[in-house]
Amino acid sequence: MRMNASTSSGLAAVALGAAALLFSVLSIPSVSRPAAPAVRAAPATVDLTLVITGLGPVGGPATRHFYNPQMIVVRRGDTVSLRVINQTFFSHAIEFEGYGVRAGVLPGGPKGQETVSFVADKGGVFAYRCYIPFDPRTASCSPDHETMVGYLVVLDPPR
């Protein structure tokens, strides 16, 4: 058999292809290899800040008030240390339904902050909301009181 440049290039391509195929087959993990056991992380202390804020023009009245973040996700067993800051002109509060945890009434402005701590010992989804009713005479909460809601999601650890 006579070899020319195109024949040797073709053989080289076939050899490279065969080598690539061999390496791909060798890189596939064996089916008989046992899966690594799931490692459970120890409960942690989760330090968070939640801001009660409003949406509206700068220097003007807010058109909507909300909690930021509106969702907190932790694992069952974690200790939650939550600093709550009220950045609005209204007094607000926060209560975690199903946990019996609440901050006191927080006036608007720099003095309106408090830290609450609790162990997330129940799995599921729990609402948090302002527990003081709207009262325009005392600037308690705001007209959109019913829409001020967030959610605490407590995940069960993997089994």
# chains A, B, ... in the order shown; residues from 1 in each chain; ligands from 1
$ residues_around --residues "Gly108 in chain A" --least-positions-apart "3" --cutoff "12 Å" --atoms "only C-alpha atoms" --output "VMD selection string"
chain A and resid 51 to 54 84 to 93 105 111 to 113 139 to 142
$ residues_around --residues "Ala103 in chain A" --least-positions-apart "2" --cutoff "8 Å" --atoms "only C-alpha atoms" --output "NGL selection string"
:A and (84 or 93-95 or 101 or 105-106 or 114-116)
$ closest_residue --among "A:Glu97, A:Gly59, A:Met148, A:Ala120" --to "Pro133 in chain A" --atoms "only C-alpha atoms"
A:Met148
$ closest_residue --among "A:Ile132, A:Val154, A:Leu50, A:Val58" --to "Thr79 in chain A" --atoms "only C-alpha atoms"
A:Val154
$ atom_distance --atom1 "CA of Asp156 in chain A" --atom2 "CA of Ala44 in chain A"
13.6 Å
